[in-house]
Protein chains: 2
Amino acid sequence: MKTGNGKTGRPISFDKDAALEAAMLLFWERGFEGTCMTSLTQAMGLNPSSIYAAFGDKHALFQLAVKRYMGTRAQYATVALEEPTLEKVVRALFDNTVAFLTTPGHPPTCMTLAGAMGGSVEAAPARDLMTEIRRQNEVAMKERFLQARKSGELSKDVNVDDYTRYLSSILAGLSIQSANGSTKAELKRTAEMALRHLGC
Amino acid sequence: MKTGNGKTGRPISFDKDAALEAAMLLFWERGFEGTCMTSLTQAMGLNPSSIYAAFGDKHALFQLAVKRYMGTRAQYATVALEEPTLEKVVRALFDNTVAFLTTPGHPPTCMTLAGAMGGSVEAAPARDLMTEIRRQNEVAMKERFLQARKSGELSKDVNVDDYTRYLSSILAGLSIQSANGSTKAELKRTAEMALRHLGC
DNA sequence: CTACATCTGTAACGTACGTTCCGTATGTGT
DNA sequence: ACACATACGGAACGTACGTTACAGATGTAG
């Protein structure tokens, strides 16, 4: 359970980051319940004992994989919110999302959607984690929009909660479109139509 | 495998429709892979042999459950497309979707989204079926919009494929919102904001 | 009433799951 | 060099999965 403190004993013989990356990609593709430990051992190139010693059980490994996903691949959303103006923020949200969804080398949809919608009671913790992350993403968007409201970029007539949910919906919808097999060009045109209707 | 022709032998002793309805609700909530046969036997009130004799294996049962879902609960979409004018069609799509998602007695999201995103290779047929249904829904929408284009209700400047994907995205996004735990009032306001931006 | 066809209930099948055990290998501290 | 601490590799664990086998129940046809 507790991996070594690095002071004594035999040191780890594998790249922990690379192993976690492999686990993340597999969870991303198949979701928590669709990914079995046997597949993980193969993808990570490790024996079960090494995985359990380094990362804990399947639930803990999933959490770590999701954390890694949020800290790396999913940063496009955080980055978009740092744009200086509201219009640039919204444009970046759509552009980055389309770029993200169509990046080769990983599944064509959000891990938070493919990872655990539905599932048995055993998978409930994973599903709840995905839901919480989706809600946290909305909170981050809302805070940026509140800032735009204060700076006068977003009209006071607009309900910020509604605006946030609306944008979040379209972005989630793009991810579903991508999962359906839409091409990069199609996603781009869909995003452009959304931007046009948003007045950007 | 093949259930009786009704002429001879012991007749079935249960309500086939009610059993399939129970199976559909369970698949809807937990997805294909998250639903085990043991849970199905309990929810349907049947023994394994009765299920296999009446509906076939798990994959076949899932297909029948999805078919039932499309023919009953998911009819709100088909109905919306039958509205006389484009504006009424679009309004009905959003209103019916919100009403559907917030109807008590079933999970707060689309079966086609919760049923099988991701999953192991074993669940691939179920996932492909869900994807195909989502695409068929878009085809039905597109045909209705093409009709509106011919009647002059939809500007010829609008690319019908893009318009369809855009609306489909927002509607899918609403389903994700609902899965996130949004209330009926919140979904309504989100839908209204979408309609406003669409110029309806 | 008898022969036959089908459904029902239970137990069992083989497999795959997540997880743990344990003998061995490989490092550090003295 | 030696004791110790940890990691590795692989086999094994108990459980749950989807599915099937089979004996008994219950109907229809003649």
# chains A, B, ... in the order shown; residues from 1 in each chain; ligands from 1
$ closest_atom_pairs --of "chain A" --to "chain C" --cutoff "10 Å" --atoms "only C-alpha atoms (C1' of nucleotides)" --output "tab-separated table"
residue	atom	partner	partner_atom	distance
A:Gly6	CA	C:DT28	C1'	9.6
A:Lys7	CA	C:DT28	C1'	7.2
A:Thr8	CA	C:DT28	C1'	4.8
A:Gly9	CA	C:DG27	C1'	5.3
A:Arg10	CA	C:DG27	C1'	3.8
A:Pro11	CA	C:DG27	C1'	6.1
A:Ile12	CA	C:DG27	C1'	9.4
A:Ser13	CA	C:DT26	C1'	10.0
A:Cys36	CA	C:DC17	C1'	7.4
A:Met37	CA	C:DG18	C1'	7.0
A:Thr38	CA	C:DC17	C1'	8.8
A:Pro48	CA	C:DT19	C1'	8.5
A:Ser49	CA	C:DT20	C1'	8.5
A:Tyr52	CA	C:DT19	C1'	8.9
A:Asp57	CA	C:DT19	C1'	8.3
A:Lys58	CA	C:DG18	C1'	7.9
$ interface_residues --of "chain D" --to "chain A" --cutoff "9 Å" --atoms "only C-alpha atoms (C1' of nucleotides)" --output "list in words"
DC4, DA5, DT6, DA7, DC8, DG9 and DG10 of chain D
$ write_last_selection --atoms "N, CA and C atoms (P, O5', C5', C4', C3', O3' and C1' of nucleotides)" --output "PDB file, in the first residue's frame"
ATOM      1  P    DC D   4      18.269  -7.959  11.107  1.00  0.00           P
ATOM      2  O5'  DC D   4      17.613  -6.839  10.165  1.00  0.00           O
ATOM      3  C5'  DC D   4      18.119  -5.505  10.205  1.00  0.00           C
ATOM      4  C4'  DC D   4      17.625  -4.738   9.000  1.00  0.00           C
ATOM      5  C3'  DC D   4      16.122  -4.910   8.696  1.00  0.00           C
ATOM      6  O3'  DC D   4      15.508  -3.633   8.713  1.00  0.00           O
ATOM      7  C1'  DC D   4      17.421  -5.041   6.719  1.00  0.00           C
ATOM      8  P    DA D   5      13.886  -3.536   8.910  1.00  0.00           P
ATOM      9  O5'  DA D   5      13.419  -2.765   7.599  1.00  0.00           O
ATOM     10  C5'  DA D   5      14.197  -1.660   7.131  1.00  0.00           C
ATOM     11  C4'  DA D   5      13.921  -1.419   5.671  1.00  0.00           C
ATOM     12  C3'  DA D   5      12.450  -1.577   5.281  1.00  0.00           C
ATOM     13  O3'  DA D   5      12.066  -0.474   4.472  1.00  0.00           O
ATOM     14  C1'  DA D   5      13.814  -2.903   3.870  1.00  0.00           C
ATOM     15  P    DT D   6      10.514  -0.074   4.425  1.00  0.00           P
ATOM     16  O5'  DT D   6      10.161  -0.336   2.895  1.00  0.00           O
ATOM     17  C5'  DT D   6      10.911   0.347   1.903  1.00  0.00           C
ATOM     18  C4'  DT D   6      11.091  -0.525   0.691  1.00  0.00           C
ATOM     19  C3'  DT D   6       9.807  -0.893  -0.070  1.00  0.00           C
ATOM     20  O3'  DT D   6       9.681  -0.020  -1.178  1.00  0.00           O
ATOM     21  C1'  DT D   6      11.476  -2.621  -0.077  1.00  0.00           C
ATOM     22  P    DA D   7       8.472  -0.187  -2.248  1.00  0.00           P
ATOM     23  O5'  DA D   7       9.083  -1.147  -3.354  1.00  0.00           O
ATOM     24  C5'  DA D   7      10.218  -0.706  -4.115  1.00  0.00           C
ATOM     25  C4'  DA D   7      10.549  -1.732  -5.183  1.00  0.00           C
ATOM     26  C3'  DA D   7       9.399  -2.083  -6.119  1.00  0.00           C
ATOM     27  O3'  DA D   7       9.904  -2.152  -7.448  1.00  0.00           O
ATOM     28  C1'  DA D   7      10.173  -4.050  -5.047  1.00  0.00           C
ATOM     29  P    DC D   8       8.948  -2.472  -8.658  1.00  0.00           P
ATOM     30  O5'  DC D   8       9.192  -4.026  -8.874  1.00  0.00           O
ATOM     31  C5'  DC D   8      10.502  -4.483  -9.186  1.00  0.00           C
ATOM     32  C4'  DC D   8      10.480  -5.982  -9.377  1.00  0.00           C
ATOM     33  C3'  DC D   8       9.439  -6.493 -10.372  1.00  0.00           C
ATOM     34  O3'  DC D   8      10.113  -7.237 -11.372  1.00  0.00           O
ATOM     35  C1'  DC D   8       9.382  -7.727  -8.344  1.00  0.00           C
ATOM     36  P    DG D   9       9.381  -7.574 -12.752  1.00  0.00           P
ATOM     37  O5'  DG D   9       8.820  -9.046 -12.518  1.00  0.00           O
ATOM     38  C5'  DG D   9       9.730 -10.097 -12.248  1.00  0.00           C
ATOM     39  C4'  DG D   9       8.969 -11.376 -11.945  1.00  0.00           C
ATOM     40  C3'  DG D   9       7.771 -11.627 -12.874  1.00  0.00           C
ATOM     41  O3'  DG D   9       7.975 -12.885 -13.504  1.00  0.00           O
ATOM     42  C1'  DG D   9       7.143 -11.810 -10.564  1.00  0.00           C
ATOM     43  P    DG D  10       6.967 -13.464 -14.571  1.00  0.00           P
ATOM     44  O5'  DG D  10       6.081 -14.472 -13.701  1.00  0.00           O
ATOM     45  C5'  DG D  10       6.726 -15.245 -12.697  1.00  0.00           C
ATOM     46  C4'  DG D  10       5.689 -15.988 -11.874  1.00  0.00           C
ATOM     47  C3'  DG D  10       4.426 -16.376 -12.652  1.00  0.00           C
ATOM     48  O3'  DG D  10       4.067 -17.682 -12.279  1.00  0.00           O
ATOM     49  C1'  DG D  10       3.832 -15.161 -10.741  1.00  0.00           C
TER      50       DG D  10
END
$ interface_residues --of "chain A" --to "chain B" --cutoff "6 Å" --atoms "only C-alpha atoms" --output "CSV table (one decimal) with N, CA, C and O atoms, in the first residue's frame"
chain,number,residue,atom,x,y,z
A,29,GLU,N,-10.3,5.7,-22.4
A,29,GLU,CA,-10.9,5.0,-23.6
A,29,GLU,C,-12.1,4.1,-23.1
A,29,GLU,O,-13.1,4.1,-23.8
A,30,ARG,N,-11.9,3.4,-22.0
A,30,ARG,CA,-12.9,2.4,-21.6
A,30,ARG,C,-13.7,2.7,-20.4
A,30,ARG,O,-14.6,2.0,-20.1
A,31,GLY,N,-13.4,3.8,-19.7
A,31,GLY,CA,-14.1,4.1,-18.5
A,31,GLY,C,-13.6,3.3,-17.3
A,31,GLY,O,-12.8,2.3,-17.5
A,34,GLY,N,-15.2,-0.4,-17.5
A,34,GLY,CA,-14.8,-1.1,-18.7
A,34,GLY,C,-13.3,-1.5,-18.7
A,34,GLY,O,-12.8,-2.2,-19.6
A,114,ALA,N,-16.7,10.0,-20.8
A,114,ALA,CA,-16.6,8.6,-21.2
A,114,ALA,C,-16.2,7.8,-19.9
A,114,ALA,O,-16.5,6.6,-19.9
A,117,MET,N,-20.4,7.4,-17.0
A,117,MET,CA,-21.8,7.7,-17.0
A,117,MET,C,-22.5,6.4,-16.7
A,117,MET,O,-22.2,5.4,-17.3
A,118,GLY,N,-23.4,6.4,-15.8
A,118,GLY,CA,-24.0,5.1,-15.5
A,118,GLY,C,-23.1,4.2,-14.7
A,118,GLY,O,-22.2,4.7,-14.0
A,119,GLY,N,-23.2,2.9,-14.9
A,119,GLY,CA,-22.3,2.0,-14.2
A,119,GLY,C,-23.0,1.4,-13.0
A,119,GLY,O,-24.0,1.9,-12.5
A,120,SER,N,-22.4,0.3,-12.5
A,120,SER,CA,-23.0,-0.4,-11.4
A,120,SER,C,-22.8,0.4,-10.1
A,120,SER,O,-22.1,1.4,-10.1
A,131,THR,N,-18.7,13.5,-12.0
A,131,THR,CA,-19.8,14.6,-11.9
A,131,THR,C,-19.2,15.8,-11.2
A,131,THR,O,-19.5,16.9,-11.6
A,162,ASP,N,-27.0,31.0,-15.6
A,162,ASP,CA,-27.6,30.5,-16.9
A,162,ASP,C,-26.5,30.5,-18.0
A,162,ASP,O,-26.4,29.6,-18.8
A,166,TYR,N,-25.3,27.4,-20.0
A,166,TYR,CA,-25.5,27.3,-21.5
A,166,TYR,C,-24.2,27.0,-22.2
A,166,TYR,O,-24.1,26.1,-23.1
A,169,SER,N,-23.1,23.5,-21.6
A,169,SER,CA,-23.9,22.6,-22.4
A,169,SER,C,-23.3,22.4,-23.8
A,169,SER,O,-23.2,21.3,-24.3
A,170,ILE,N,-23.1,23.5,-24.4
A,170,ILE,CA,-22.6,23.5,-25.8
A,170,ILE,C,-21.3,22.8,-25.9
A,170,ILE,O,-21.0,21.9,-26.8
A,172,ALA,N,-20.1,20.5,-23.8
A,172,ALA,CA,-20.3,19.1,-23.6
A,172,ALA,C,-20.9,18.5,-24.8
A,172,ALA,O,-20.5,17.4,-25.2
A,173,GLY,N,-21.8,19.2,-25.5
A,173,GLY,CA,-22.4,18.7,-26.7
A,173,GLY,C,-21.3,18.5,-27.8
A,173,GLY,O,-21.4,17.5,-28.5
A,174,LEU,N,-20.3,19.4,-27.9
A,174,LEU,CA,-19.2,19.2,-28.8
A,174,LEU,C,-18.5,17.9,-28.6
A,174,LEU,O,-18.1,17.2,-29.5
A,180,ASN,N,-19.4,10.9,-31.5
A,180,ASN,CA,-20.2,10.3,-32.6
A,180,ASN,C,-19.4,10.1,-33.8
A,180,ASN,O,-19.9,9.5,-34.7
A,190,THR,N,-19.3,23.7,-36.3
A,190,THR,CA,-20.3,23.7,-35.2
A,190,THR,C,-19.9,24.8,-34.2
A,190,THR,O,-20.8,25.6,-33.7
A,197,HIS,N,-23.8,32.7,-32.9
A,197,HIS,CA,-25.1,32.9,-32.2
A,197,HIS,C,-24.9,33.5,-30.8
A,197,HIS,O,-25.8,34.1,-30.3
$ atom_distance --atom1 "CA of Ala140 in chain B" --atom2 "CA of Leu20 in chain B"
26.1 Å
$ select_by_dssp --residues "range 41-181 of chain B" --states "helix (DSSP H, G or I)" --output "PyMOL selection string"
chain B and resi 41-44+48-55+58-71+75-81+86-101+111-114+121-150+160-180
